[in-house]
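Chemist: Got a structure here, written out as structure tokens. Questions coming.
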Amino acid sequence: MKNTKQFVRFLLIFYTLFLPLLSFSQFSNTGYEIAFKSQNVSDKYLYLTGIYGHKPYMVDSAKYAKKQYLFKNLKKELPSGFYSIQNRNGDILADFIIDHTRKFTIHSNNNVIEFLNSDENIVFQQLKKDILEENSLKHYIETSPESLLAKFVRAQYIPVPIPEFHWGSPDGRDAAAEKYYQYLINHYFDNVDFKDIRLMHTPLDVDLKYFFMESLFPQTSENMISSIEMLFQRILDENPTPAQMDVRDFYLKKLIHCYITADHKFDPVFVYLTDHYVSKLTESEFISDSEINVFQRIADRKRKNLVGETIPVFESYTIDHKKVSTSDMTAKYTLLWFWDPDCEHCSEYTPVLNDFYSNYRDLYDFEVIACSVTEDFDRWVAFIKQHNLKWINTSYAIEEPNYDAVEFFNFNDTPAVFIINRKHQIVARQFSVDELFDVFESLQNE
């Protein structure tokens, strides 16, 4: 093992020192000749496959002849990246890297793979072993930092170091935490060279969801949008190339899927991405026209419930069939509470809201319209009596409202909460009952 690693280091040094001096024609990006020889494969055809932004595609096919499969095209461009040879069932018989060399031979015998005339693939095979054995990978990026292999290792396996921020005294804790999170936001993607298009031809997995949904602080739509713009600045030059636009669209789609099902409080992020990017696409490698239409329709549904939007007058009915309208409310704010007496979370949170209402309705000048969205009349009445709910109680069990709240307010789970002012503008939405004090205090300070 020690001798193997020393040889790998020698090869990496060789790449760094001598590759620039070799003939360009030897490593031309156009043309390839890859021979695959195996004593265990007898298929009539095998297939050379690549990937682009996690999308697999077939590069070439080769027929068994003269005891080998020869993938050859001296005119076709073969981008640097990760490739594999597969049979018709999709079984991978060999995987390899193409960066500097495009003419080599692969020997396969009883699942043992050997490469001739491709030192970079000898290094690649050792990398796979080091990953499995959890060995240090730093020498791959220290020796040949600009190679595709180094760029991939750095982006996929090497975490960005975060310095310690000493807070010294209890008073400095918040300041130190703020510095830590700000550093994390600014440097989280430092090891990913988004402008190196070669990485799009690898299985690189940048976990955007972990960064935006767990690491980013504070978890506000404004901060997320700002951080997304910082990410796109890493991807695009001032005059971006078509390849850079592909990279942007690839990560744009990943972000869209992060936020399409995220907590409703992040709906502004989805709407922003759709309005500022998706809707402006004319053609995209990764986002189809049909997907653009779907994303736009979803954004339109989410848009009408954002803070600042004006909702139509909402009318629902009490137990004595009396119509209650939001237009009749005289309080400064009306809190719309859509709930279900059979919902576990509703059973837990409704009494909490009721206590807050009893104690602070006059202080914050608000009224509650609690609308049960199911037709379980008996459970609805029993819950009201059990918890002494003295706000305005309405229900679908009495009569349907003038419009479907579930559809209009775009929620699938209960409870759902919205606060509107006298102008029927949404001033707060979809927050936890634990945030009631903070929400109303912020409204008071506006």
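Residue numbers start at 1 in each chain; chains themselves are named A, B, ... in the order of the structure tokens; ligands are numbered from 1 in the order shown.
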Which residues are close to Leu208 of chain A, i.e. within 12 Å by only C-alpha atoms, leaving aside same-chain residues fewer than 5 positions away? Reply as a PDB file with N, CA, C and O atoms, in the first residue's frame.

Modeler:
ATOM      1  N   TYR A 188     -19.028  28.913   2.633  1.00  0.00           N
ATOM      2  CA  TYR A 188     -19.501  27.531   2.606  1.00  0.00           C
ATOM      3  C   TYR A 188     -19.160  26.838   1.285  1.00  0.00           C
ATOM      4  O   TYR A 188     -18.828  25.649   1.259  1.00  0.00           O
ATOM      5  N   PHE A 189     -19.217  27.558   0.171  1.00  0.00           N
ATOM      6  CA  PHE A 189     -18.997  26.967  -1.147  1.00  0.00           C
ATOM      7  C   PHE A 189     -17.592  27.240  -1.684  1.00  0.00           C
ATOM      8  O   PHE A 189     -17.350  27.064  -2.887  1.00  0.00           O
ATOM      9  N   MET A 213     -31.448  25.115   4.263  1.00  0.00           N
ATOM     10  CA  MET A 213     -32.506  24.744   5.202  1.00  0.00           C
ATOM     11  C   MET A 213     -32.018  24.469   6.618  1.00  0.00           C
ATOM     12  O   MET A 213     -32.807  24.468   7.557  1.00  0.00           O
ATOM     13  N   GLU A 214     -30.716  24.240   6.782  1.00  0.00           N
ATOM     14  CA  GLU A 214     -30.207  23.895   8.108  1.00  0.00           C
ATOM     15  C   GLU A 214     -29.065  24.791   8.575  1.00  0.00           C
ATOM     16  O   GLU A 214     -29.027  25.206   9.727  1.00  0.00           O
ATOM     17  N   SER A 215     -28.118  25.064   7.688  1.00  0.00           N
ATOM     18  CA  SER A 215     -26.932  25.815   8.110  1.00  0.00           C
ATOM     19  C   SER A 215     -27.146  27.320   8.098  1.00  0.00           C
ATOM     20  O   SER A 215     -26.626  28.037   8.957  1.00  0.00           O
ATOM     21  N   LEU A 216     -27.887  27.810   7.127  1.00  0.00           N
ATOM     22  CA  LEU A 216     -28.033  29.256   6.961  1.00  0.00           C
ATOM     23  C   LEU A 216     -28.769  29.873   8.147  1.00  0.00           C
ATOM     24  O   LEU A 216     -29.771  29.349   8.622  1.00  0.00           O
ATOM     25  N   MET A 224     -32.205  34.080   2.701  1.00  0.00           N
ATOM     26  CA  MET A 224     -32.053  33.014   1.710  1.00  0.00           C
ATOM     27  C   MET A 224     -31.905  33.578   0.310  1.00  0.00           C
ATOM     28  O   MET A 224     -31.045  33.136  -0.460  1.00  0.00           O
ATOM     29  N   SER A 227     -28.472  34.989  -0.106  1.00  0.00           N
ATOM     30  CA  SER A 227     -27.461  33.943  -0.219  1.00  0.00           C
ATOM     31  C   SER A 227     -27.534  33.233  -1.564  1.00  0.00           C
ATOM     32  O   SER A 227     -26.511  32.800  -2.106  1.00  0.00           O
ATOM     33  N   ILE A 228     -28.731  33.109  -2.119  1.00  0.00           N
ATOM     34  CA  ILE A 228     -28.874  32.523  -3.456  1.00  0.00           C
ATOM     35  C   ILE A 228     -28.191  33.410  -4.490  1.00  0.00           C
ATOM     36  O   ILE A 228     -27.498  32.916  -5.392  1.00  0.00           O
ATOM     37  N   LEU A 231     -24.600  32.811  -4.370  1.00  0.00           N
ATOM     38  CA  LEU A 231     -24.256  31.557  -5.036  1.00  0.00           C
ATOM     39  C   LEU A 231     -24.194  31.747  -6.541  1.00  0.00           C
ATOM     40  O   LEU A 231     -23.244  31.303  -7.202  1.00  0.00           O
ATOM     41  N   PHE A 250     -28.863  24.363 -13.678  1.00  0.00           N
ATOM     42  CA  PHE A 250     -28.795  23.100 -12.937  1.00  0.00           C
ATOM     43  C   PHE A 250     -29.046  23.343 -11.452  1.00  0.00           C
ATOM     44  O   PHE A 250     -29.863  22.652 -10.821  1.00  0.00           O
ATOM     45  N   TYR A 251     -28.372  24.353 -10.887  1.00  0.00           N
ATOM     46  CA  TYR A 251     -28.545  24.639  -9.460  1.00  0.00           C
ATOM     47  C   TYR A 251     -29.852  25.394  -9.194  1.00  0.00           C
ATOM     48  O   TYR A 251     -30.437  25.255  -8.119  1.00  0.00           O
ATOM     49  N   LEU A 252     -30.317  26.152 -10.167  1.00  0.00           N
ATOM     50  CA  LEU A 252     -31.621  26.798 -10.031  1.00  0.00           C
ATOM     51  C   LEU A 252     -32.713  25.749  -9.859  1.00  0.00           C
ATOM     52  O   LEU A 252     -33.590  25.882  -8.993  1.00  0.00           O
ATOM     53  N   LYS A 253     -32.663  24.694 -10.645  1.00  0.00           N
ATOM     54  CA  LYS A 253     -33.676  23.647 -10.535  1.00  0.00           C
ATOM     55  C   LYS A 253     -33.595  22.943  -9.189  1.00  0.00           C
ATOM     56  O   LYS A 253     -34.627  22.609  -8.584  1.00  0.00           O
ATOM     57  N   LYS A 254     -32.379  22.720  -8.692  1.00  0.00           N
ATOM     58  CA  LYS A 254     -32.240  22.109  -7.374  1.00  0.00           C
ATOM     59  C   LYS A 254     -32.850  23.008  -6.297  1.00  0.00           C
ATOM     60  O   LYS A 254     -33.508  22.528  -5.367  1.00  0.00           O
ATOM     61  N   LEU A 255     -32.646  24.302  -6.423  1.00  0.00           N
ATOM     62  CA  LEU A 255     -33.227  25.237  -5.458  1.00  0.00           C
ATOM     63  C   LEU A 255     -34.744  25.265  -5.557  1.00  0.00           C
ATOM     64  O   LEU A 255     -35.449  25.306  -4.535  1.00  0.00           O
ATOM     65  N   ILE A 256     -35.252  25.251  -6.780  1.00  0.00           N
ATOM     66  CA  ILE A 256     -36.703  25.232  -6.979  1.00  0.00           C
ATOM     67  C   ILE A 256     -37.314  24.035  -6.256  1.00  0.00           C
ATOM     68  O   ILE A 256     -38.339  24.145  -5.559  1.00  0.00           O
ATOM     69  N   HIS A 257     -36.679  22.876  -6.380  1.00  0.00           N
ATOM     70  CA  HIS A 257     -37.213  21.672  -5.728  1.00  0.00           C
ATOM     71  C   HIS A 257     -37.034  21.731  -4.211  1.00  0.00           C
ATOM     72  O   HIS A 257     -37.789  21.080  -3.483  1.00  0.00           O
ATOM     73  N   CYS A 258     -36.058  22.473  -3.738  1.00  0.00           N
ATOM     74  CA  CYS A 258     -35.926  22.668  -2.291  1.00  0.00           C
ATOM     75  C   CYS A 258     -37.114  23.425  -1.727  1.00  0.00           C
ATOM     76  O   CYS A 258     -37.650  23.093  -0.664  1.00  0.00           O
ATOM     77  N   TYR A 259     -37.528  24.462  -2.443  1.00  0.00           N
ATOM     78  CA  TYR A 259     -38.524  25.391  -1.897  1.00  0.00           C
ATOM     79  C   TYR A 259     -39.956  25.103  -2.333  1.00  0.00           C
ATOM     80  O   TYR A 259     -40.884  25.661  -1.761  1.00  0.00           O
TER      81      TYR A 259
END

Chemist: Could you please write out, as a PyMOL selection string, every residue of segment 50-289 of chain A that DSSP assigns to alpha helix (DSSP H)?

Modeler: chain A and resi 119-132+138-143+148-157+173-187+208-210+221-235+242-260+267-276+289

Chemist: Just want the 10 Å neighbourhood of segment 285-299 of chain A, counted on only C-alpha atoms, with same-chain residues fewer than 6 positions away dropped. Output as a list in words.

Modeler: Tyr52, Gly53, Lys55, Ala243, Met245, Asp246, Val247, Arg248, Asp249, Phe250, Tyr251, Leu252, Lys253, Lys254, Ile256, His257, Ile260, Asp267, Pro268, Val269, Phe270, Val271, Tyr272, Leu273, Thr274, Asp275, Val278, Ser279 and Asn410 of chain A

Chemist: Kindly give the distance, in Å, that separates atom CA of Tyr360 of chain A and atom CA of Glu435 of chain A, rounded to a single decimal.

Modeler: 13.8 Å

Chemist: Residues within 10 Å of segment 437-441 of chain A, please, as a list in words. Count only C-alpha atoms; anything in the same chain fewer than 4 positions from it doesn't count.

Modeler: Tyr333, Phe356, Tyr360, Leu363, Tyr364, Asp365, Phe366, Ile419, Val427, Ala428, Arg429, Phe431, Ser432, Val433, Asn445 and Glu446 of chain A

Chemist: Taking only C-alpha atoms into account, which of A:Pro351, A:Pro242, A:Pro56, A:Pro203 comes nearest Ala155 of chain A?

Modeler: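 Between A:Pro351, A:Pro242, A:Pro56, A:Pro203, the residue approaching Ala155 of chain A most closely is A:Pro203.
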
Chemist: From the list A:Leu70, A:Ile197, A:Ile311, A:Leu78, which residue is nearest Gly31 of chain A when using only C-alpha atoms?

Modeler: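 When distances to Gly31 of chain A are compared using only C-alpha atoms, the smallest one comes from A:Leu78.
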
Chemist: Fewer than 5 positions away in the same chain doesn't count, so skip those; otherwise give me all residues within 8 Å of Trp380 of chain A, counting only C-alpha atoms, as a list of chain:residue names.

Modeler: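 That gives A:Asp340, A:Pro341, A:Ser372.
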
Chemist: Separation of atom CA of Ala65 of chain A and atom CA of Gln39 of chain A, in Å?

Modeler: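 Pair atom CA of Ala65 of chain A / atom CA of Gln39 of chain A returns 13.2 Å.
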
Chemist: Determine which residues of segment 106-285 of chain A DSSP labels as strand (DSSP E or B) from the backbone of this structure, then write them out as a list of chain:residue names.

Modeler: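 In segment 106-285 of chain A, DSSP puts these residues in strand (DSSP E or B): A:Ile106, A:His107, A:Ser108, A:Asn109, A:Val112, A:Ile113, A:Glu114, A:Phe115, A:Leu116.
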
Chemist: For Asn412 of chain A, list every protein, DNA or RNA residue within 12 Å, evaluated using only C-alpha atoms, and leave out those in the same chain fewer than 5 positions away; present the list as number ranges by chain.

Modeler: A: 261, 263-264, 338-340, 373, 405-407

Chemist: From the list A:Gln386, A:Thr374, A:Ser42, A:Gln425, which residue is nearest Thr310 of chain A when using only C-alpha atoms?

Modeler: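 Looking only at the distances to Thr310 of chain A, the closest residue turns out to be A:Gln425.
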
Chemist: So, with only C-alpha atoms as the atoms that count, which of A:Ile131, A:Leu335, A:Ile98, A:Ile398 lies closest to Asp119 of chain A?

Modeler: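 Residue with the minimum atom-to-atom distance to Asp119 of chain A: A:Ile98.
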
Chemist: List the neighbours of Tyr403 of chain A out to 10 Å using only C-alpha atoms; skip same-chain residues closer than 4 positions along the sequence, and give me the result as a VMD selection string.

Modeler: chain A and resid 312 to 316 407 to 408

Chemist: Atom CA of Lys128 of chain A and atom CA of Ala94 of chain A, how far apart in Å?

Modeler: 12.6 Å

Chemist: Here is a test: counting only C-alpha atoms, which residue of A:Tyr183, A:Phe383, A:Phe124, A:Phe96 is nearest to Val153 of chain A?

Modeler: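 Of the candidates, the smallest distance to Val153 of chain A is held by A:Phe124.
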